[in-house]
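Trainee: Just data-v3.txt, nothing more (compact mmCIF, C-alpha atoms):
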# COMPACT_ATOMS: atom_id res chain seq x y z
CA MET A 1 132.16 0.16 -59.74
CA SER A 2 131.94 3.39 -61.65
CA SER A 3 129.11 5.85 -61.56
CA LEU A 4 127.89 7.67 -64.65
CA SER A 5 125.63 10.69 -64.71
CA THR A 6 124.56 12.97 -67.53
CA PRO A 7 123.55 16.52 -66.62
CA ALA A 8 120.85 18.14 -68.72
CA THR A 9 123.11 20.86 -70.06
CA GLY A 10 124.37 20.79 -73.61
CA GLY A 11 127.56 22.00 -75.22
CA PRO A 12 129.53 21.81 -78.43
CA GLU A 13 132.14 19.41 -77.07
CA PRO A 14 130.79 16.55 -74.93
CA LEU A 15 133.11 15.52 -72.10
CA LEU A 16 133.92 12.37 -70.15
CA LEU A 17 134.93 13.49 -66.68
CA LEU A 18 137.30 11.00 -65.01
CA LEU A 19 137.58 11.49 -61.25
CA ASP A 20 140.54 10.11 -59.36
CA PRO A 21 138.89 8.48 -56.31
CA VAL A 22 141.40 10.19 -54.02
CA ALA A 23 140.71 13.68 -55.41
CA ARG A 24 137.32 13.83 -53.70
CA GLN A 25 138.94 12.91 -50.39
CA ALA A 26 141.85 15.31 -50.83
CA ASP A 27 139.85 18.39 -51.85
CA GLY A 28 136.16 17.75 -52.32
CA GLU A 29 135.38 21.45 -52.67
CA SER A 30 137.71 21.89 -55.65
CA VAL A 31 136.21 18.81 -57.27
CA ARG A 32 132.68 20.17 -56.77
CA ILE A 33 133.59 23.58 -58.20
CA ALA A 34 135.26 22.04 -61.25
CA LYS A 35 132.28 19.76 -61.89
CA ASP A 36 129.86 22.69 -61.61
CA VAL A 37 131.81 24.77 -64.13
CA LEU A 38 132.20 21.90 -66.58
CA CYS A 39 128.59 20.73 -66.31
CA GLY A 40 127.46 24.33 -66.82
CA GLY A 41 129.30 24.60 -70.13
CA ALA A 42 129.11 21.17 -71.75
CA ASP A 43 127.34 17.83 -71.92
CA VAL A 44 129.23 15.87 -69.26
CA LYS A 45 129.36 12.26 -68.14
CA VAL A 46 131.13 11.60 -64.84
CA ALA A 47 132.97 8.36 -64.11
CA TYR A 48 134.83 7.08 -61.05
CA PRO A 49 137.01 4.25 -62.41
CA GLU A 50 138.31 2.06 -59.61
CA SER A 51 140.60 -0.27 -61.56
CA PRO A 52 142.71 -0.21 -64.74
CA SER A 53 140.20 -2.53 -66.47
CA GLU A 54 137.34 -0.23 -65.56
CA LEU A 55 139.26 2.79 -66.80
CA ASP A 56 139.87 0.95 -70.08
CA ARG A 57 136.19 0.13 -70.37
CA VAL A 58 135.00 3.67 -69.67
CA LEU A 59 137.46 5.16 -72.16
CA SER A 60 136.67 2.62 -74.87
CA HIS A 61 132.94 3.47 -74.62
CA ARG A 62 133.34 7.26 -74.49
CA GLY A 63 132.23 7.83 -78.09
CA ARG A 64 132.88 11.45 -79.08
CA ARG A 65 133.50 12.62 -75.52
CA ARG A 66 136.80 14.26 -74.71
CA PRO A 67 138.50 12.77 -71.63
CA VAL A 68 138.94 15.22 -68.74
CA VAL A 69 140.90 14.24 -65.64
CA ILE A 70 140.22 15.66 -62.19
CA GLY A 71 143.11 14.60 -60.01
CA SER A 72 146.87 14.38 -59.79
CA ASP A 73 149.69 13.98 -62.29
CA LEU A 74 149.44 10.23 -61.75
CA ALA A 75 145.75 10.24 -62.64
CA LEU A 76 146.55 12.00 -65.93
CA GLN A 77 149.43 9.63 -66.55
CA ARG A 78 147.16 6.62 -66.05
CA VAL A 79 144.60 7.95 -68.51
CA LEU A 80 147.25 8.64 -71.14
CA GLN A 81 148.67 5.17 -70.58
CA ALA A 82 145.23 3.61 -71.13
CA LEU A 83 144.64 5.68 -74.28
CA HIS A 84 148.08 4.66 -75.57
CA ARG A 85 147.24 1.01 -74.91
CA GLN A 86 144.00 1.43 -76.88
CA ARG A 87 145.80 3.25 -79.72
CA GLU A 88 143.54 6.24 -79.09
CA LEU A 89 146.07 8.64 -77.62
CA GLY A 90 145.93 11.23 -80.38
CA ALA A 91 142.23 10.90 -81.18
CA ASP A 92 141.06 13.73 -78.88
CA PRO A 93 142.78 16.37 -76.76
CA VAL A 94 142.70 15.67 -73.03
CA GLY A 95 141.65 18.13 -70.35
CA MET A 96 142.85 18.33 -66.76
CA VAL A 97 141.75 20.00 -63.54
CA PRO A 98 144.61 19.45 -61.07
CA VAL A 99 143.55 18.40 -57.57
CA GLY A 100 146.03 17.16 -54.99
CA ARG A 101 149.04 18.16 -52.97
CA PRO A 102 151.60 20.45 -54.65
CA GLU A 103 154.15 17.65 -54.97
CA GLU A 104 151.54 15.57 -56.83
CA LEU A 105 150.96 18.28 -59.44
CA VAL A 106 154.48 19.11 -60.61
CA ALA A 107 153.92 17.86 -64.16
CA ALA A 108 150.60 19.71 -64.47
CA ARG A 109 152.28 23.00 -63.51
CA ALA A 110 155.15 22.39 -65.91
CA LEU A 111 152.70 21.72 -68.75
CA GLY A 112 150.90 25.01 -68.12
CA VAL A 113 147.65 23.72 -66.61
CA PRO A 114 146.04 26.41 -64.39
CA GLY A 115 146.31 25.50 -60.72
CA ALA A 116 142.88 26.70 -59.55
CA PRO A 117 139.72 24.72 -60.39
CA VAL A 118 137.78 27.50 -62.14
CA PRO A 119 140.45 28.61 -64.67
CA ALA A 120 141.46 24.97 -65.22
CA ALA A 121 137.85 24.03 -65.99
CA ARG A 122 137.46 27.06 -68.27
CA ALA A 123 140.58 25.99 -70.17
CA VAL A 124 138.91 22.63 -70.76
CA LEU A 125 135.79 24.34 -72.12
CA SER A 126 137.34 27.09 -74.21
CA GLY A 127 141.09 26.46 -74.36
CA ALA A 128 143.21 25.38 -77.29
CA PRO A 129 144.81 21.94 -77.69
CA ARG A 130 148.61 21.88 -77.60
CA LYS A 131 150.46 18.95 -79.14
CA LEU A 132 152.95 17.50 -76.66
CA ASP A 133 155.64 14.83 -76.74
CA LEU A 134 155.40 11.70 -74.62
CA LEU A 135 157.94 9.24 -73.25
CA VAL A 136 156.80 5.66 -73.83
CA ASP A 137 158.64 2.68 -72.39
CA ASP A 138 158.80 -0.91 -73.60
CA GLY A 139 156.82 -2.03 -70.55
CA GLY A 140 153.76 -0.07 -71.66
CA GLY A 141 154.28 2.88 -69.32
CA VAL A 142 154.30 6.55 -70.21
CA ALA A 143 155.83 9.69 -68.74
CA LEU A 144 154.65 13.25 -69.33
CA GLY A 145 157.82 15.07 -68.42
CA GLY A 146 160.65 12.77 -67.51
CA VAL A 147 162.25 9.83 -65.78
CA ARG A 148 164.78 9.77 -62.96
CA ILE A 149 167.00 6.84 -62.00
CA SER A 150 169.14 7.28 -58.91
CA GLY A 151 171.82 5.03 -57.49
CA SER A 152 169.58 4.31 -54.51
CA GLY A 153 166.40 4.08 -56.59
CA ALA A 154 165.58 0.46 -55.80
CA ARG A 155 166.34 0.97 -52.12
CA ARG A 156 163.98 3.94 -51.88
CA LEU A 157 161.17 1.85 -53.34
CA VAL A 158 161.30 -0.63 -50.47
CA GLY A 159 158.30 -0.12 -48.21
CA ARG A 160 156.98 2.85 -50.18
CA PRO A 161 154.00 1.45 -52.14
CA GLY A 162 151.83 1.10 -49.03
CA GLY A 163 152.14 4.83 -48.43
CA TRP A 164 150.90 5.97 -51.82
CA ARG A 165 147.77 8.08 -51.49
CA SER A 166 146.04 7.23 -54.77
CA LEU A 167 144.19 3.99 -55.43
CA TRP A 168 145.30 4.31 -59.04
CA ALA A 169 148.91 4.44 -57.83
CA LYS A 170 148.48 1.20 -55.92
CA LEU A 171 146.97 -0.44 -58.97
CA ALA A 172 149.86 0.84 -61.05
CA ALA A 173 152.28 -0.70 -58.57
CA ALA A 174 150.59 -4.06 -58.84
CA GLU A 175 150.73 -3.93 -62.64
CA GLN A 176 154.40 -2.95 -62.70
CA GLY A 177 155.39 -5.55 -60.12
CA ASN A 178 156.77 -3.10 -57.53
CA ALA A 179 158.20 -5.15 -54.68
CA PRO A 180 161.10 -4.91 -52.22
CA VAL A 181 164.21 -6.41 -53.78
CA SER A 182 167.17 -6.22 -51.44
CA GLU A 183 169.68 -7.65 -53.91
CA ALA A 184 168.57 -5.17 -56.56
CA ALA A 185 169.16 -2.32 -54.12
CA GLU A 186 172.76 -3.42 -53.62
CA HIS A 187 173.45 -3.25 -57.35
CA SER A 188 171.14 -0.42 -58.35
CA SER A 189 173.99 1.96 -59.25
CA ARG A 190 175.61 -0.58 -61.60
CA ILE A 191 173.71 0.08 -64.78
CA ARG A 192 174.43 0.29 -68.49
CA VAL A 193 173.00 3.32 -70.28
CA GLU A 194 172.78 3.69 -74.07
CA ALA A 195 171.24 6.57 -76.03
CA ASP A 196 170.46 5.89 -79.69
CA GLY A 197 173.02 3.07 -79.49
CA ARG A 198 175.77 5.27 -77.98
CA LEU A 199 177.21 4.02 -74.69
CA LEU A 200 176.92 6.64 -71.93
CA ALA A 201 177.66 4.48 -68.87
CA ASP A 202 178.58 0.88 -68.20
CA VAL A 203 178.25 -1.48 -65.25
CA HIS A 204 181.89 -1.27 -64.21
CA ARG A 205 181.47 2.38 -63.16
CA PRO A 206 178.81 3.40 -60.61
CA VAL A 207 176.19 5.94 -61.64
CA ARG A 208 174.70 8.36 -59.13
CA LEU A 209 171.83 9.67 -61.22
CA VAL A 210 170.29 9.43 -64.69
CA GLN A 211 167.85 12.16 -65.68
CA VAL A 212 165.69 11.90 -68.80
CA THR A 213 163.57 14.94 -69.62
CA LEU A 214 161.34 16.05 -72.46
CA PRO A 215 161.63 19.61 -73.74
CA SER A 216 159.01 21.94 -72.29
CA GLY A 217 156.38 23.57 -74.43
CA GLU A 218 154.56 22.47 -77.54
CA SER A 219 156.09 19.65 -79.56
CA ASP A 220 158.41 20.78 -82.34
CA GLY A 221 158.21 17.37 -84.00
CA THR A 222 161.89 16.51 -83.54
CA GLY A 223 161.17 13.77 -81.01
CA VAL A 224 164.23 14.06 -78.80
CA MET A 225 164.80 13.90 -75.06
CA GLU A 226 167.66 15.24 -72.98
CA ILE A 227 169.70 12.68 -71.04
CA VAL A 228 172.10 13.56 -68.23
CA VAL A 229 174.22 10.89 -66.56
CA HIS A 230 175.84 11.83 -63.25
CA ALA A 231 178.82 9.68 -62.27
CA PRO A 232 181.22 10.33 -59.36
CA ASP A 233 183.89 11.71 -61.70
CA ALA A 234 182.00 12.69 -64.83
CA LEU A 235 178.89 14.35 -66.23
CA VAL A 236 177.56 13.17 -69.60
CA ARG A 237 174.86 15.13 -71.40
CA THR A 238 173.28 14.28 -74.73
CA ARG A 239 170.04 14.36 -76.74
CA ALA A 240 168.48 11.28 -78.31
CA ALA A 241 165.25 9.71 -79.51
CA SER A 242 165.59 6.64 -77.28
CA VAL A 243 167.50 5.56 -74.20
CA SER A 244 168.01 2.05 -72.81
CA VAL A 245 169.03 1.14 -69.27
CA VAL A 246 170.07 -2.35 -68.16
CA GLY A 247 171.06 -3.51 -64.67
CA ARG A 248 170.70 -6.29 -62.12
CA GLY A 249 167.66 -4.48 -60.73
CA PHE A 250 166.87 -0.78 -60.55
CA GLY A 251 163.92 1.37 -59.63
CA TYR A 252 163.03 4.64 -61.28
CA GLU A 253 160.56 7.48 -61.04
CA ALA A 254 158.29 8.43 -63.94
CA ASP A 255 156.97 11.95 -63.33
CA GLY A 256 157.94 11.52 -59.68
CA HIS A 257 156.10 8.22 -59.16
CA PRO A 258 158.08 5.06 -58.35
CA VAL A 259 158.20 2.09 -60.71
CA GLY A 260 160.16 -1.13 -60.49
CA PRO A 261 162.54 -2.65 -59.72
CA VAL A 262 163.17 -3.80 -63.28
CA ARG A 263 166.22 -5.29 -65.02
CA ALA A 264 165.90 -3.43 -68.32
CA ARG A 265 163.88 -0.57 -69.73
CA THR A 266 163.91 1.42 -72.98
CA TRP A 267 162.22 4.80 -73.36
CA THR A 268 161.34 6.32 -76.73
CA VAL A 269 160.03 9.78 -77.53
CA HIS A 270 156.70 9.89 -79.36
CA PRO A 271 156.61 13.42 -80.81
CA GLY A 272 153.28 15.25 -80.67
CA ALA A 273 151.63 12.05 -79.42
CA TRP A 274 148.88 13.73 -77.42
CA GLY A 275 147.02 16.99 -77.05
CA LEU A 276 146.32 18.92 -73.84
CA LEU A 277 143.65 21.62 -73.53
CA LEU A 278 145.35 24.75 -72.21
CA PRO A 279 144.30 28.40 -71.92
CA ALA A 280 144.22 30.09 -75.32
CA ALA A 281 147.14 32.46 -75.82
Could you spell out this file's structure in structure tokens?

Mentor:
Amino acid sequence: MSSLSTPATGGPEPLLLLLDPVARQADGESVRIAKDVLCGGADVKVAYPESPSELDRVLSHRGRRRPVVIGSDLALQRVLQALHRQRELGADPVGMVPVGRPEELVAARALGVPGAPVPAARAVLSGAPRKLDLLVDDGGGVALGGVRISGSGARRLVGRPGGWRSLWAKLAAAEQGNAPVSEAAEHSSRIRVEADGRLLADVHRPVRLVQVTLPSGESDGTGVMEIVVHAPDALVRTRAASVSVVGRGFGYEADGHPVGPVRARTWTVHPGAWGLLLPAA
């Protein structure tokens, strides 16, 4: 169940505050401070979505309210994924107040979101939206900064989902079908990689690591990613609008969070697909 409340304050930009359920457990004080600042400067509704369907419902009924995430990179990723699924990704800029362990906030730092709750909340209230690129895959997933596929990717996924801290992460695992696949682990380094139709690696040569990253900073509209393929005897680097990976079963990390195993995945850059409220320059 989600809980909605509407403080009596008013503001020029009404907000829908989306709280990752784990954020309150991880750092309740930061959550309280952020809520106080936001409720003091805008008309705010607060929601605690506990499932992907509930997140979809809350977002689809937000009206003119801008979505604001309090939580980790994964919480922001889940909201962007839901907005993309609803074809509403570019309708409003999104705000974020990062709450979580440092390793759970890597993407937020890279995007320029203030790390402390007060400046992050102020950026939501008075900051400027920056258009950013997004990686979208053919399975409906999104990535804010990049994707990483390692030769032992499927093996490292075995046994890991139960240790994820966020409820949203567990729900994401269920949606993506994360499960131990021993055979996939044995063949995880045998993958075929193509970028814009150009062959970068094939199954007859093992691959140690594939890194896919979006350029940092505001979108320049070109819609390209950087792809680096690490093989035992070679390093291949290129830029492309899409990259496809095929194998007998491989796991990968999107913004540091495990997905898979899968047998095929294609990522495409959507230039300037979403806006993030950041401190005004």

Trainee: Extract, using all atoms listed in the file, all DNA, RNA and protein residues at most 12 Å from Leu277 in chain A, discarding same-chain residues fewer than 2 positions from it, and format them as a PyMOL selection string.

Mentor: chain A and resi 66-69+92-97+108+111-114+119-132+218+274-275+279-281

Trainee: Next, dump the selected residues to file, keeping only C-alpha atoms, as an mmCIF file, in the coordinates of the input.

Mentor:
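The resulting file, selection16.cif, is reproduced below:
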data_model
loop_
_atom_site.group_PDB
_atom_site.id
_atom_site.type_symbol
_atom_site.label_atom_id
_atom_site.label_comp_id
_atom_site.auth_asym_id
_atom_site.auth_seq_id
_atom_site.Cartn_x
_atom_site.Cartn_y
_atom_site.Cartn_z
ATOM 1 C CA ARG A 66 136.800 14.260 -74.710
ATOM 2 C CA PRO A 67 138.500 12.770 -71.630
ATOM 3 C CA VAL A 68 138.940 15.220 -68.740
ATOM 4 C CA VAL A 69 140.900 14.240 -65.640
ATOM 5 C CA ASP A 92 141.060 13.730 -78.880
ATOM 6 C CA PRO A 93 142.780 16.370 -76.760
ATOM 7 C CA VAL A 94 142.700 15.670 -73.030
ATOM 8 C CA GLY A 95 141.650 18.130 -70.350
ATOM 9 C CA MET A 96 142.850 18.330 -66.760
ATOM 10 C CA VAL A 97 141.750 20.000 -63.540
ATOM 11 C CA ALA A 108 150.600 19.710 -64.470
ATOM 12 C CA LEU A 111 152.700 21.720 -68.750
ATOM 13 C CA GLY A 112 150.900 25.010 -68.120
ATOM 14 C CA VAL A 113 147.650 23.720 -66.610
ATOM 15 C CA PRO A 114 146.040 26.410 -64.390
ATOM 16 C CA PRO A 119 140.450 28.610 -64.670
ATOM 17 C CA ALA A 120 141.460 24.970 -65.220
ATOM 18 C CA ALA A 121 137.850 24.030 -65.990
ATOM 19 C CA ARG A 122 137.460 27.060 -68.270
ATOM 20 C CA ALA A 123 140.580 25.990 -70.170
ATOM 21 C CA VAL A 124 138.910 22.630 -70.760
ATOM 22 C CA LEU A 125 135.790 24.340 -72.120
ATOM 23 C CA SER A 126 137.340 27.090 -74.210
ATOM 24 C CA GLY A 127 141.090 26.460 -74.360
ATOM 25 C CA ALA A 128 143.210 25.380 -77.290
ATOM 26 C CA PRO A 129 144.810 21.940 -77.690
ATOM 27 C CA ARG A 130 148.610 21.880 -77.600
ATOM 28 C CA LYS A 131 150.460 18.950 -79.140
ATOM 29 C CA LEU A 132 152.950 17.500 -76.660
ATOM 30 C CA GLU A 218 154.560 22.470 -77.540
ATOM 31 C CA TRP A 274 148.880 13.730 -77.420
ATOM 32 C CA GLY A 275 147.020 16.990 -77.050
ATOM 33 C CA PRO A 279 144.300 28.400 -71.920
ATOM 34 C CA ALA A 280 144.220 30.090 -75.320
ATOM 35 C CA ALA A 281 147.140 32.460 -75.820
#

Trainee: When you look at Leu80 in chain A with a cut-off of 9 Å (counting all atoms listed in the file), what residues show up, excluding the ones that are within fewer than 2 positions of it in the same chain? I need them as an mmCIF file with C-alpha atoms, in the coordinates of the input.

Mentor:
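out_0.cif, written as the output of this step:
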data_model
loop_
_atom_site.group_PDB
_atom_site.id
_atom_site.type_symbol
_atom_site.label_atom_id
_atom_site.label_comp_id
_atom_site.auth_asym_id
_atom_site.auth_seq_id
_atom_site.Cartn_x
_atom_site.Cartn_y
_atom_site.Cartn_z
ATOM 1 C CA ALA A 75 145.750 10.240 -62.640
ATOM 2 C CA LEU A 76 146.550 12.000 -65.930
ATOM 3 C CA GLN A 77 149.430 9.630 -66.550
ATOM 4 C CA ARG A 78 147.160 6.620 -66.050
ATOM 5 C CA ALA A 82 145.230 3.610 -71.130
ATOM 6 C CA LEU A 83 144.640 5.680 -74.280
ATOM 7 C CA HIS A 84 148.080 4.660 -75.570
ATOM 8 C CA ARG A 85 147.240 1.010 -74.910
ATOM 9 C CA LEU A 89 146.070 8.640 -77.620
ATOM 10 C CA VAL A 94 142.700 15.670 -73.030
ATOM 11 C CA VAL A 142 154.300 6.550 -70.210
ATOM 12 C CA ALA A 143 155.830 9.690 -68.740
ATOM 13 C CA LEU A 144 154.650 13.250 -69.330
ATOM 14 C CA TRP A 274 148.880 13.730 -77.420
#

Trainee: How many Å lie between CA of Val236 in chain A and CA of Tyr252 in chain A, rounded to one decimal?

Mentor: 18.8 Å

Trainee: Find the residues near Gly63 in chain A: any atom within 12 Å, counting only C-alpha atoms, skip ones fewer than 4 places away on the same chain, and give them as JSON, numbers by chain.

Mentor: {"A": [13, 14, 15, 16, 45, 57, 58, 59, 67, 88, 91, 92]}

Trainee: CA of Val212 in chain A and CA of Gly115 in chain A, how far apart in Å?

Mentor: 25.0 Å

Trainee: Using Å and a single decimal, report how far CA of Trp267 in chain A sits from CA of Leu214 in chain A.

Mentor: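 The value is 11.3 Å.
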
Trainee: Identify which of the residues A:Val22, A:Leu55, A:Ile191, A:Val243 lies closest to Gly146 in chain A, counting only C-alpha atoms when measuring atom-to-atom distances.

Mentor: A:Val243

Trainee: Can you pull out the residues contacting range 228-231 of chain A? Cut-off 10 Å, using only C-alpha atoms, and skip same-chain residues under 4 positions away; I want them as a tab-separated table (two decimals) with C-alpha atoms, in the frame of the given file.

Mentor:
chain	number	residue	atom	x	y	z
A	148	ARG	CA	164.78	9.77	-62.96
A	149	ILE	CA	167.00	6.84	-62.00
A	150	SER	CA	169.14	7.28	-58.91
A	151	GLY	CA	171.82	5.03	-57.49
A	189	SER	CA	173.99	1.96	-59.25
A	193	VAL	CA	173.00	3.32	-70.28
A	200	LEU	CA	176.92	6.64	-71.93
A	201	ALA	CA	177.66	4.48	-68.87
A	205	ARG	CA	181.47	2.38	-63.16
A	206	PRO	CA	178.81	3.40	-60.61
A	207	VAL	CA	176.19	5.94	-61.64
A	208	ARG	CA	174.70	8.36	-59.13
A	209	LEU	CA	171.83	9.67	-61.22
A	210	VAL	CA	170.29	9.43	-64.69
A	211	GLN	CA	167.85	12.16	-65.68
A	212	VAL	CA	165.69	11.90	-68.80
A	213	THR	CA	163.57	14.94	-69.62
A	235	LEU	CA	178.89	14.35	-66.23
A	236	VAL	CA	177.56	13.17	-69.60
A	237	ARG	CA	174.86	15.13	-71.40
A	238	THR	CA	173.28	14.28	-74.73
A	239	ARG	CA	170.04	14.36	-76.74

Trainee: Name the closest residue to Arg198 in chain A among the candidates A:Val245, A:Ala273, A:Leu278, A:Ala254; distances are taken between atoms, counting only C-alpha atoms.

Mentor: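 Going through A:Val245, A:Ala273, A:Leu278, A:Ala254 one by one, the smallest distance to Arg198 in chain A is for A:Val245.
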
Trainee: Have a look at A:Ala107, A:Leu18, A:Asp202, A:Ser216 and name the one nearest to Val44 in chain A; count only C-alpha atoms.

Mentor: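 Closest to Val44 in chain A, using only C-alpha atoms: A:Leu18.
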
Trainee: Quick one: of A:Pro117, A:Gly145, A:Gly139, A:Gly100, who's nearest to Glu253 in chain A, counting all atoms listed in the file?

Mentor: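 For Glu253 in chain A, the nearest of the candidates is A:Gly145.
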
Trainee: Which residue gives the smallest distance to Val147 in chain A among A:Val99, A:Ala47, A:Val259, A:Ala241, with only C-alpha atoms counted?

Mentor: A:Val259

Trainee: Measuring atom to atom with only C-alpha atoms, identify which of A:Ser72, A:Gln81, A:Gln86, A:Thr268 is nearest to Ser60 in chain A.

Mentor: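 Closest residue, counting only C-alpha atoms: A:Gln86.
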